[in-house]
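Student: Quick one, input_32.txt (compact mmCIF, C-alpha atoms):
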# COMPACT_ATOMS: atom_id res chain seq x y z
CA MET A 1 -9.71 -50.15 16.10
CA LYS A 2 -6.39 -50.32 14.39
CA THR A 3 -6.92 -46.98 12.67
CA ILE A 4 -8.00 -45.35 15.91
CA ILE A 5 -4.78 -46.43 17.59
CA HIS A 6 -2.83 -45.32 14.57
CA MET A 7 -4.52 -41.91 14.70
CA LEU A 8 -3.89 -41.51 18.41
CA VAL A 9 -0.26 -42.55 18.15
CA THR A 10 0.44 -40.25 15.19
CA LEU A 11 -1.05 -37.18 16.81
CA SER A 12 0.58 -37.93 20.16
CA VAL A 13 4.00 -38.36 18.59
CA ILE A 14 3.69 -35.10 16.67
CA GLY A 15 2.41 -33.34 19.78
CA VAL A 16 5.23 -34.62 21.98
CA ILE A 17 7.91 -33.68 19.46
CA SER A 18 6.53 -30.21 18.89
CA GLY A 19 6.03 -29.66 22.61
CA GLY A 20 9.63 -30.71 23.27
CA VAL A 21 11.03 -28.42 20.60
CA LEU A 22 8.97 -25.47 21.78
CA SER A 23 9.84 -25.88 25.44
CA GLN A 24 13.53 -25.93 24.52
CA LEU A 25 13.12 -22.80 22.43
CA SER A 26 11.10 -20.98 25.02
CA GLY A 27 13.82 -21.72 27.58
CA TRP A 28 16.15 -19.79 25.32
CA ALA A 29 13.72 -17.02 24.32
CA ASP A 30 11.98 -16.22 27.60
CA PRO A 31 14.92 -14.56 29.38
CA LEU A 32 15.64 -12.54 26.23
CA ILE A 33 12.03 -11.39 25.99
CA ALA A 34 11.99 -10.48 29.68
CA GLU A 35 15.24 -8.56 29.19
CA HIS A 36 13.76 -6.57 26.30
CA ARG A 37 10.74 -5.72 28.38
CA GLN A 38 12.93 -4.68 31.29
CA ARG A 39 15.10 -2.50 29.05
CA GLU A 40 12.07 -0.94 27.45
CA THR A 41 10.56 -0.08 30.82
CA GLU A 42 13.85 1.40 31.95
CA ALA A 43 14.18 3.53 28.82
CA ALA A 44 10.60 4.71 29.23
CA ILE A 45 11.15 5.66 32.88
CA PHE A 46 14.14 7.82 32.04
CA GLU A 47 12.29 9.35 29.12
CA VAL A 48 9.29 10.48 31.15
CA GLN A 49 11.53 11.62 34.00
CA PRO A 50 14.37 13.28 32.08
CA GLU A 51 16.18 14.50 35.18
CA ALA A 52 16.15 11.16 36.89
CA LYS A 53 19.32 9.19 37.40
CA LYS A 54 18.08 6.25 39.42
CA TYR A 55 14.81 4.48 39.91
CA GLU A 56 13.44 1.85 42.21
CA LYS A 57 10.30 -0.17 42.10
CA VAL A 58 7.74 0.57 44.80
CA GLU A 59 6.97 -2.81 46.31
CA ASP A 60 3.75 -4.24 47.72
CA LEU A 61 1.37 -2.58 45.31
CA ALA A 62 -1.37 -3.99 43.13
CA PHE A 63 0.19 -2.21 40.14
CA ASP A 64 3.69 -1.26 39.04
CA LEU A 65 5.13 2.04 40.22
CA TYR A 66 8.65 3.40 40.06
CA LYS A 67 10.07 6.06 42.31
CA VAL A 68 12.77 8.10 40.63
CA THR A 69 15.62 9.98 42.26
CA ASP A 70 18.50 12.15 41.11
CA GLU A 71 22.15 11.44 41.81
CA GLU A 72 22.04 12.61 45.42
CA GLY A 73 18.99 10.49 46.10
CA ASN A 74 16.50 13.35 46.23
CA GLU A 75 13.06 12.20 45.27
CA LEU A 76 11.95 13.68 41.98
CA GLY A 77 8.63 11.97 41.44
CA TYR A 78 7.16 8.85 40.02
CA ALA A 79 6.99 6.94 36.78
CA LEU A 80 3.75 5.08 36.48
CA PRO A 81 2.99 2.49 33.81
CA TYR A 82 -0.77 2.50 33.45
CA GLU A 83 -3.20 1.10 30.94
CA GLY A 84 -6.78 1.54 29.83
CA ASN A 85 -9.04 1.17 26.85
CA GLY A 86 -8.36 3.09 23.68
CA PHE A 87 -10.42 3.21 20.53
CA GLN A 88 -9.87 -0.40 19.49
CA GLY A 89 -7.78 -2.00 22.17
CA LYS A 90 -5.59 -1.40 25.17
CA ILE A 91 -3.31 1.62 25.44
CA ARG A 92 -0.38 1.27 27.82
CA LEU A 93 1.34 4.46 28.93
CA MET A 94 4.29 5.45 31.02
CA VAL A 95 3.49 8.64 32.86
CA GLY A 96 6.04 10.72 34.71
CA VAL A 97 4.67 12.88 37.52
CA THR A 98 6.21 15.17 40.10
CA ASN A 99 6.50 14.14 43.72
CA ASP A 100 3.30 15.99 44.76
CA LEU A 101 1.45 14.52 41.74
CA GLY A 102 0.61 18.07 40.66
CA LYS A 103 2.27 18.05 37.29
CA VAL A 104 2.96 15.62 34.49
CA VAL A 105 6.60 15.80 33.42
CA GLY A 106 6.57 13.31 30.57
CA LEU A 107 4.50 10.78 28.70
CA ARG A 108 5.36 7.84 26.57
CA VAL A 109 3.02 5.42 24.87
CA LEU A 110 4.28 1.89 25.44
CA GLU A 111 1.65 -0.05 23.57
CA GLN A 112 -1.32 0.84 21.42
CA VAL A 113 -3.42 -0.58 18.61
CA GLU A 114 -5.15 2.61 17.49
CA THR A 115 -6.23 3.34 13.93
CA PRO A 116 -3.16 3.77 11.73
CA GLY A 117 -2.80 7.35 10.56
CA LEU A 118 -5.34 8.73 13.01
CA GLY A 119 -5.17 7.30 16.51
CA THR A 120 -1.50 6.42 16.10
CA LYS A 121 -0.79 10.14 16.26
CA ILE A 122 -0.85 9.71 20.02
CA VAL A 123 2.67 8.34 19.46
CA THR A 124 3.93 10.25 16.42
CA ASP A 125 2.28 12.36 13.77
CA PRO A 126 4.17 11.98 10.48
CA SER A 127 2.19 14.81 8.88
CA ASP A 128 3.72 17.31 11.28
CA LYS A 129 7.33 17.28 10.10
CA ALA A 130 8.57 19.93 12.50
CA ASN A 131 7.23 18.29 15.63
CA PRO A 132 5.87 14.81 15.01
CA GLU A 133 5.51 14.10 18.71
CA TRP A 134 3.38 17.12 19.43
CA PHE A 135 0.62 15.13 21.09
CA PRO A 136 2.59 13.31 23.80
CA GLY A 137 4.75 16.42 24.06
CA GLN A 138 1.77 18.47 25.17
CA PHE A 139 1.71 16.60 28.44
CA ASN A 140 5.05 17.98 29.57
CA GLY A 141 4.22 20.33 32.42
CA VAL A 142 0.48 19.90 32.30
CA ILE A 143 -1.30 20.54 35.60
CA THR A 144 -3.16 17.49 36.88
CA SER A 145 -5.68 19.04 39.25
CA PRO A 146 -8.54 18.70 39.36
CA LEU A 147 -8.41 16.72 36.09
CA ILE A 148 -6.66 16.96 32.75
CA THR A 149 -9.23 17.85 30.09
CA VAL A 150 -9.35 17.66 26.31
CA VAL A 151 -10.30 20.54 24.02
CA LYS A 152 -11.24 20.07 20.38
CA ASN A 153 -10.14 22.24 17.46
CA ALA A 154 -8.73 24.92 19.71
CA LYS A 155 -5.49 25.80 21.42
CA PRO A 156 -5.56 24.91 25.10
CA SER A 157 -6.29 27.98 27.22
CA LYS A 158 -5.65 26.47 30.63
CA ASP A 159 -2.62 24.69 32.03
CA SER A 160 -4.64 21.55 32.54
CA GLU A 161 -5.89 21.32 28.96
CA ILE A 162 -4.70 19.20 26.06
CA MET A 163 -5.55 19.68 22.40
CA ALA A 164 -7.22 16.65 20.84
CA ILE A 165 -5.98 15.07 17.60
CA THR A 166 -8.27 15.94 14.70
CA GLY A 167 -10.07 12.77 13.68
CA ALA A 168 -8.95 10.86 16.73
CA THR A 169 -10.83 12.46 19.60
CA ILE A 170 -11.57 9.11 21.20
CA SER A 171 -7.92 8.09 21.22
CA SER A 172 -6.90 11.52 22.57
CA LYS A 173 -9.50 11.34 25.28
CA ALA A 174 -8.54 7.76 26.12
CA VAL A 175 -4.94 8.81 26.80
CA VAL A 176 -6.10 11.64 29.05
CA ASP A 177 -8.53 9.37 30.89
CA ILE A 178 -5.84 6.79 31.52
CA ILE A 179 -3.54 9.45 32.96
CA ASN A 180 -6.32 10.88 35.11
CA SER A 181 -7.30 7.53 36.55
CA GLY A 182 -3.65 6.62 37.11
CA ILE A 183 -3.07 9.80 39.03
CA LYS A 184 -6.25 9.25 41.00
CA GLU A 185 -4.91 5.87 42.00
CA LEU A 186 -1.64 7.46 43.11
CA ARG A 187 -3.46 10.16 45.05
CA SER A 188 -5.49 7.66 47.02
CA LEU A 189 -2.31 5.71 47.68
CA LYS A 190 -0.56 8.82 49.00
CA GLY A 191 -3.64 9.72 51.02
CA GLU A 192 -3.46 6.36 52.70
CA ALA A 193 0.23 6.73 53.40
CA ASN A 194 -0.33 10.07 55.13
CA MET B 195 1.28 -36.48 -13.12
CA ALA B 196 3.29 -33.88 -11.26
CA ASN B 197 6.52 -35.26 -12.67
CA LYS B 198 5.76 -33.76 -16.06
CA VAL B 199 6.39 -30.33 -14.55
CA THR B 200 10.02 -29.30 -14.32
CA ALA B 201 11.41 -28.33 -10.93
CA ALA B 202 11.90 -24.73 -12.01
CA LYS B 203 8.26 -24.46 -13.06
CA GLU B 204 7.25 -25.76 -9.62
CA PHE B 205 8.88 -22.67 -8.14
CA ILE B 206 7.86 -20.15 -10.78
CA LYS B 207 4.17 -20.97 -10.85
CA GLY B 208 3.74 -19.44 -7.40
CA LEU B 209 5.12 -16.10 -8.56
CA TRP B 210 2.48 -15.38 -11.14
CA ASP B 211 0.32 -18.15 -12.65
CA GLN B 212 -0.86 -19.33 -9.26
CA ASN B 213 0.05 -16.28 -7.19
CA PRO B 214 -1.46 -17.01 -3.77
CA VAL B 215 -2.91 -13.52 -3.38
CA PHE B 216 -3.87 -12.36 -6.87
CA LYS B 217 -4.85 -15.70 -8.40
CA GLN B 218 -5.75 -18.08 -5.58
CA VAL B 219 -7.03 -15.35 -3.22
CA LEU B 220 -5.64 -17.17 -0.17
CA GLY B 221 -4.58 -15.75 3.17
CA MET B 222 -6.60 -12.56 2.85
CA CYS B 223 -6.62 -11.77 6.57
CA PRO B 224 -2.91 -10.91 6.86
CA VAL B 225 -2.89 -9.50 3.31
CA LEU B 226 -5.46 -6.90 4.19
CA ALA B 227 -4.48 -6.26 7.77
CA VAL B 228 -0.71 -5.85 7.87
CA THR B 229 -0.02 -4.11 4.56
CA VAL B 230 -0.15 -0.59 5.97
CA SER B 231 3.52 -0.27 5.06
CA ALA B 232 5.94 -2.05 2.74
CA GLU B 233 8.12 -3.03 5.66
CA ASN B 234 5.30 -4.78 7.52
CA GLY B 235 4.30 -6.55 4.33
CA ILE B 236 7.81 -7.88 3.79
CA ALA B 237 8.17 -9.04 7.38
CA MET B 238 4.81 -10.78 7.32
CA ALA B 239 5.58 -12.49 4.02
CA LEU B 240 8.98 -13.67 5.26
CA ALA B 241 7.45 -15.09 8.43
CA THR B 242 4.75 -16.83 6.40
CA THR B 243 7.30 -18.19 3.92
CA PHE B 244 9.40 -19.60 6.74
CA VAL B 245 6.40 -21.40 8.21
CA LEU B 246 5.23 -22.53 4.78
CA VAL B 247 8.59 -23.97 3.72
CA PHE B 248 9.26 -25.85 6.93
CA SER B 249 5.74 -27.21 7.30
CA SER B 250 5.75 -28.34 3.67
CA PHE B 251 9.11 -30.00 4.28
CA VAL B 252 7.91 -31.88 7.37
CA VAL B 253 4.50 -32.76 5.96
CA SER B 254 5.96 -34.16 2.75
CA ILE B 255 8.37 -36.31 4.78
CA ILE B 256 5.75 -37.83 7.05
CA LYS B 257 2.85 -37.80 4.59
CA ASN B 258 2.70 -41.59 4.39
CA TRP B 259 2.46 -42.08 8.15
CA ILE B 260 -0.44 -39.74 8.77
CA PRO B 261 -3.83 -41.46 8.72
CA SER B 262 -6.05 -39.49 6.38
CA GLN B 263 -8.77 -39.02 9.03
CA VAL B 264 -6.52 -36.86 11.20
CA ARG B 265 -4.35 -35.28 8.53
CA ILE B 266 -5.73 -31.75 9.02
CA ALA B 267 -5.17 -31.95 12.77
CA ALA B 268 -1.63 -33.19 12.17
CA TYR B 269 -0.91 -30.38 9.68
CA ILE B 270 -2.22 -27.77 12.08
CA LEU B 271 -0.03 -29.14 14.87
CA ILE B 272 3.03 -28.95 12.65
CA ILE B 273 2.15 -25.46 11.39
CA ALA B 274 1.43 -24.22 14.92
CA THR B 275 4.84 -25.44 16.07
CA PHE B 276 6.65 -23.46 13.40
CA VAL B 277 4.51 -20.38 13.95
CA THR B 278 5.30 -20.45 17.66
CA ILE B 279 8.99 -20.75 16.79
CA VAL B 280 8.72 -17.66 14.56
CA ASP B 281 6.78 -15.78 17.21
CA LEU B 282 9.27 -16.55 19.98
CA VAL B 283 12.34 -15.80 17.84
CA MET B 284 10.83 -12.52 16.66
CA LYS B 285 9.92 -11.47 20.19
CA ALA B 286 13.41 -12.33 21.41
CA GLN B 287 15.43 -10.89 18.52
CA PHE B 288 13.28 -8.25 16.79
CA PRO B 289 10.96 -6.84 19.46
CA ALA B 290 10.05 -3.76 17.41
CA LEU B 291 8.95 -5.81 14.43
CA SER B 292 7.03 -8.27 16.56
CA LYS B 293 5.20 -5.32 18.11
CA ALA B 294 4.26 -3.94 14.69
CA LEU B 295 2.90 -7.25 13.45
CA GLY B 296 1.18 -7.84 16.75
CA PRO B 297 -1.47 -10.54 16.75
CA PHE B 298 -0.98 -11.44 13.10
CA ILE B 299 2.00 -13.73 13.69
CA PRO B 300 0.03 -16.25 15.79
CA LEU B 301 -2.72 -15.99 13.16
CA ILE B 302 -0.37 -17.45 10.52
CA ILE B 303 -1.50 -20.80 11.97
CA VAL B 304 -4.91 -20.40 10.41
CA ASN B 305 -3.66 -18.75 7.22
CA CYS B 306 -5.40 -20.86 4.60
CA LEU B 307 -2.45 -20.38 2.24
CA ILE B 308 -0.33 -22.63 4.44
CA LEU B 309 -2.91 -25.28 5.21
CA GLY B 310 -4.04 -25.15 1.58
CA ARG B 311 -0.54 -25.89 0.25
CA GLN B 312 -0.13 -28.80 2.69
CA GLU B 313 -3.42 -30.32 1.63
CA ALA B 314 -3.12 -29.59 -2.08
CA PHE B 315 0.57 -30.09 -2.67
CA ALA B 316 2.95 -31.16 0.11
CA SER B 317 0.87 -34.19 1.07
CA LYS B 318 1.02 -35.54 -2.50
CA ASN B 319 4.52 -34.67 -3.69
CA SER B 320 8.14 -35.42 -2.93
CA VAL B 321 10.12 -33.42 -0.39
CA GLY B 322 12.08 -31.45 -2.97
CA ARG B 323 9.02 -30.45 -4.94
CA ALA B 324 7.10 -29.54 -1.80
CA VAL B 325 9.89 -27.23 -0.68
CA LEU B 326 10.19 -25.66 -4.14
CA ASP B 327 6.45 -25.15 -4.28
CA ALA B 328 6.48 -23.58 -0.80
CA LEU B 329 9.37 -21.29 -1.75
CA GLY B 330 7.56 -20.20 -4.90
CA MET B 331 4.29 -19.59 -3.10
CA GLY B 332 6.12 -17.70 -0.36
CA THR B 333 7.88 -15.52 -2.91
CA GLY B 334 4.59 -14.88 -4.68
CA PHE B 335 3.09 -13.92 -1.34
CA LEU B 336 6.06 -11.61 -0.70
CA ILE B 337 5.64 -9.91 -4.09
CA ALA B 338 1.94 -9.38 -3.50
CA LEU B 339 2.36 -8.09 0.04
CA PHE B 340 5.18 -5.79 -0.96
CA LEU B 341 3.18 -4.34 -3.88
CA LEU B 342 0.16 -3.80 -1.67
CA GLY B 343 2.13 -2.41 1.25
CA ALA B 344 4.22 -0.12 -0.94
CA THR B 345 1.17 1.24 -2.79
CA ARG B 346 -0.73 1.88 0.40
CA GLU B 347 2.28 3.44 2.09
CA LEU B 348 2.99 5.61 -0.95
CA PHE B 349 -0.50 7.07 -1.16
CA GLY B 350 -1.24 6.95 2.55
CA THR B 351 1.92 8.60 3.83
CA GLY B 352 3.89 9.70 0.75
CA MET B 353 6.74 7.34 1.63
CA ILE B 354 8.01 3.89 0.67
CA LEU B 355 10.03 2.01 3.29
CA GLY B 356 10.32 5.29 5.16
CA PHE B 357 11.81 7.25 2.23
CA GLN B 358 9.91 10.30 1.08
CA ILE B 359 8.74 9.71 -2.52
CA MET B 360 5.91 12.16 -2.99
CA PRO B 361 6.65 15.91 -3.03
CA GLU B 362 6.24 17.74 0.27
CA VAL B 363 2.99 19.37 -0.81
CA TYR B 364 1.32 15.99 -1.27
CA GLU B 365 -1.55 15.53 1.16
CA PRO B 366 -1.62 11.84 2.21
CA TRP B 367 -4.82 9.96 1.51
CA LEU B 368 -5.64 8.70 4.95
CA ILE B 369 -8.04 6.11 3.62
CA MET B 370 -5.17 4.16 2.08
CA ILE B 371 -3.76 3.13 5.44
CA LEU B 372 -7.18 2.46 6.92
CA PRO B 373 -8.75 -0.99 6.37
CA ALA B 374 -10.87 0.38 3.52
CA GLY B 375 -7.70 1.27 1.62
CA ALA B 376 -6.60 -2.35 1.77
CA PHE B 377 -9.79 -3.50 0.04
CA LEU B 378 -9.60 -0.73 -2.55
CA THR B 379 -5.96 -1.41 -3.41
CA LEU B 380 -6.38 -5.17 -3.50
CA GLY B 381 -9.50 -4.92 -5.65
CA LEU B 382 -7.91 -2.54 -8.15
CA MET B 383 -4.72 -4.59 -8.33
CA MET B 384 -6.58 -7.84 -8.85
CA GLY B 385 -8.74 -6.26 -11.52
CA PHE B 386 -5.69 -4.84 -13.26
CA PHE B 387 -3.70 -8.09 -13.19
CA ASN B 388 -6.64 -10.23 -14.23
CA SER B 389 -7.59 -7.96 -17.12
CA TYR B 390 -3.94 -8.08 -18.22
CA SER B 391 -3.82 -11.88 -18.19
CA GLU B 392 -7.26 -12.07 -19.87
CA LYS B 393 -5.99 -9.82 -22.62
CA LYS B 394 -2.91 -11.97 -23.05
CA LYS B 395 -5.04 -15.09 -23.21
CA ALA B 396 -7.33 -13.50 -25.80
CA GLU B 397 -4.31 -12.53 -27.89
CA GLU B 398 -2.98 -16.07 -27.77
CA ARG B 399 -6.35 -17.42 -28.76
CA ASN B 400 -6.57 -14.98 -31.66
CA THR B 401 -3.16 -15.95 -33.01
CA ILE B 402 -4.13 -19.62 -32.91
CA VAL B 403 -7.42 -18.93 -34.68
CA GLU B 404 -5.61 -16.76 -37.19
CA LYS B 405 -3.06 -19.48 -37.90
CA TYR B 406 -5.81 -22.04 -38.38
CA ARG B 407 -7.72 -19.77 -40.75
CA GLN B 408 -4.62 -19.07 -42.78
CA ALA B 409 -3.87 -22.75 -43.08
CA LYS B 410 -7.45 -23.35 -44.16
CA ARG B 411 -7.33 -20.55 -46.71
CA GLN B 412 -4.11 -21.91 -48.14
CA ALA B 413 -5.63 -25.34 -48.32
CA GLU B 414 -8.62 -23.90 -50.20
CA THR B 415 -6.59 -21.84 -52.63
CA LYS B 416 -4.06 -24.53 -53.42
CA PRO B 417 -6.34 -26.72 -55.50
CA LEU B 418 -7.29 -23.66 -57.57
CA GLU B 419 -3.65 -22.83 -58.20
CA ALA B 420 -3.09 -26.36 -59.31
CA ASN B 421 -5.59 -25.84 -62.05
Is it possible to express this structure as structure tokens?

Tutor:
Amino acid sequence: MKTIIHMLVTLSVIGVISGGVLSQLSGWADPLIAEHRQRETEAAIFEVQPEAKKYEKVEDLAFDLYKVTDEEGNELGYALPYEGNGFQGKIRLMVGVTNDLGKVVGLRVLEQVETPGLGTKIVTDPSDKANPEWFPGQFNGVITSPLITVVKNAKPSKDSEIMAITGATISSKAVVDIINSGIKELRSLKGEAN
Amino acid sequence: MANKVTAAKEFIKGLWDQNPVFKQVLGMCPVLAVTVSAENGIAMALATTFVLVFSSFVVSIIKNWIPSQVRIAAYILIIATFVTIVDLVMKAQFPALSKALGPFIPLIIVNCLILGRQEAFASKNSVGRAVLDALGMGTGFLIALFLLGATRELFGTGMILGFQIMPEVYEPWLIMILPAGAFLTLGLMMGFFNSYSEKKKAEERNTIVEKYRQAKRQAETKPLEAN
């Protein structure tokens, strides 16, 4: 009996102390972490919508969506953070689209856990010294209707086509699928609004 | 028993003789997973060392109050606290690094290197020795992770710490930054280091045998000379 009480007391004391320390620390860290996330989102929005000067969050939606405007307040389009499954885990993207959803104006990968050296080329490709960001760069100006498609081992022949990364077709296709389903979501939203 | 060892030796043994990766083969999960680049290896090793040093410190202070039945649970609680501290501080101060190391920071909790040192060393030795041991083990871990990360980065991308080392024409071996490359590099390194220390041991043995034989020969020839 004595040992049981001793065991309980020891573990409880350690638990309480560690809990106290961690809650203090998290009180300090949480706002900083939130700030980083906020800043990252902001940077991504302006990157995928290079002409944008201001953005505002579209409220009352099941997902995040940012409407971007230029200095005079003219609507330029949307920045949509959207996620889906990649090869090994989640891929989170920030997609910039025009106001009529017809064209992608920019793409940035926010989070990914693809295979290093292969799937990670969806962010940067170190083997292509001249243009390491050729893959996300391809999405600038790509036509979204009816769907963006992937071609393998060939230069895209249509405005809605993207060239896949050699050795990482699944990752390439995953990015395209995420964009397509994100845009579909936006379309149905706009359809409802009209 | 432990007091026969000098304090300096307590630190140095972790670097080579008992190197956690090459000799004790502990903590293989982060060793294999995060060493795609030298930078990741260093960051992981520093985070692990931090956790190791502070948990060893705390465990060696309270070792006499922990009932032996729940000692593992108590160690894990202490380790988890420090890992969460590292995780939160990294997320708040170095978001890019914390992104690169991803889920491996929380996994330090179950790194058997840390729990192993608590159980094998910190729970039996004084505070100073426990901290020295932890520092040595951490440094050994850092050396191993840096070697692995640098080798894999060099062959896998032609760079070390982001600096181009290989000539431009070098075609990176993709396999080196894939999981298979981790196993290959670790296996070759371990084989190389172990064959080196085996050779050294054999040499030492030979010199001792040689000395003994010489002494014996002298002892045999002496009586003859006397005649």

Student: Please report as CSV every residue of range 369-420 of chain B lying within 9 Å of range 334-351 of chain B, along with the nearest atom pair and their distance in Å (one decimal), using only C-alpha atoms.

Tutor:
residue,atom,partner,partner_atom,distance
B:Ile369,CA,B:Gly350,CA,6.9
B:Met370,CA,B:Gly350,CA,4.8
B:Ile371,CA,B:Gly350,CA,5.4
B:Leu372,CA,B:Gly350,CA,8.6
B:Gly375,CA,B:Arg346,CA,7.1
B:Ala376,CA,B:Arg346,CA,7.4
B:Thr379,CA,B:Leu342,CA,6.8
B:Leu380,CA,B:Leu342,CA,6.9
B:Met383,CA,B:Leu342,CA,8.3

Student: Using all atoms listed in the file, determine which residues of chain B fall within 7 Å of chain A; present them as number ranges by chain.

Tutor: B: 260-261, 264, 268, 271, 275, 279, 282-283, 285-286, 368, 371-372

Student: If I take CA of Thr120 in chain A and CA of Gly96 in chain A, how far is one from the other in Å, to one decimal?

Tutor: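 A separation of 20.5 Å between them.
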
Student: Using CA of Pro289 in chain B and CA of Asn234 in chain B as the two end points, give the distance in Å to one decimal.

Tutor: 13.4 Å

Student: For range 90-93 of chain A, work out the shell of residues within 7 Å, counting only C-alpha atoms and skipping chain neighbours fewer than 3 positions away, then give it as a ChimeraX atom specification.

Tutor: /A:81-86,108-113

Student: Here is a test: counting all atoms listed in the file, which residue of B:Met238, B:Leu246, B:Val325, B:Leu295 is nearest to Phe276 in chain B?

Tutor: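 Looking at the shortest contact to Phe276 in chain B, the residue is B:Leu246.
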
Student: What is the distance between CA of Lys394 in chain B and CA of Lys203 in chain B, in Å to one decimal?

Tutor: 19.5 Å

Student: Restricting the calculation to all atoms listed in the file: of A:Ile165, A:Phe46, A:Ser157, A:Glu56, which residue gets closest to Asp128 in chain A?

Tutor: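 Smallest separation from Asp128 in chain A among the options: A:Ile165.
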
Student: Within 7 Å of Phe377 in chain B, counting only C-alpha atoms, which residues show up once you throw out same-chain ones fewer than 4 positions away? Write them as number ranges by chain, please.

Tutor: B: 226, 373, 381

Student: Tell me, as a PyMOL selection string, which residues lie within 10 Å of Pro300 in chain B, counting all atoms listed in the file; anything in the same chain fewer than 3 positions away does not count.

Tutor: chain B and resi 274+277-278+280-281+295-297+303-305

Student: Counting all atoms listed in the file, find residues at most 10 Å from (-3.6, -9.9, 5.5) (file frame) and give them as a VMD selection string.

Tutor: chain B and resid 215 220 to 230 235 238 to 239 298 301 to 302 305 339 376

Student: Please determine the residues with any atom at most 8 Å from (4.1, 13.9, 23.3) (coordinates as given in the file, with all atoms listed in the file counting) and report them as a ChimeraX atom specification.

Tutor: /A:106-108,122-124,133-140

Student: Skipping near chain neighbours, those fewer than 6 positions away, what residues fall within 10 Å of range 150-154 of chain A using only C-alpha atoms, listed as a list in words?

Tutor: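 Listed by chain and then number, they are Ser160, Glu161, Ile162, Met163, Ala164, Ile165, Thr166, Gly167, Thr169, Ser172, Lys173, Ala174, Val175, Val176 and Asp177 of chain A.
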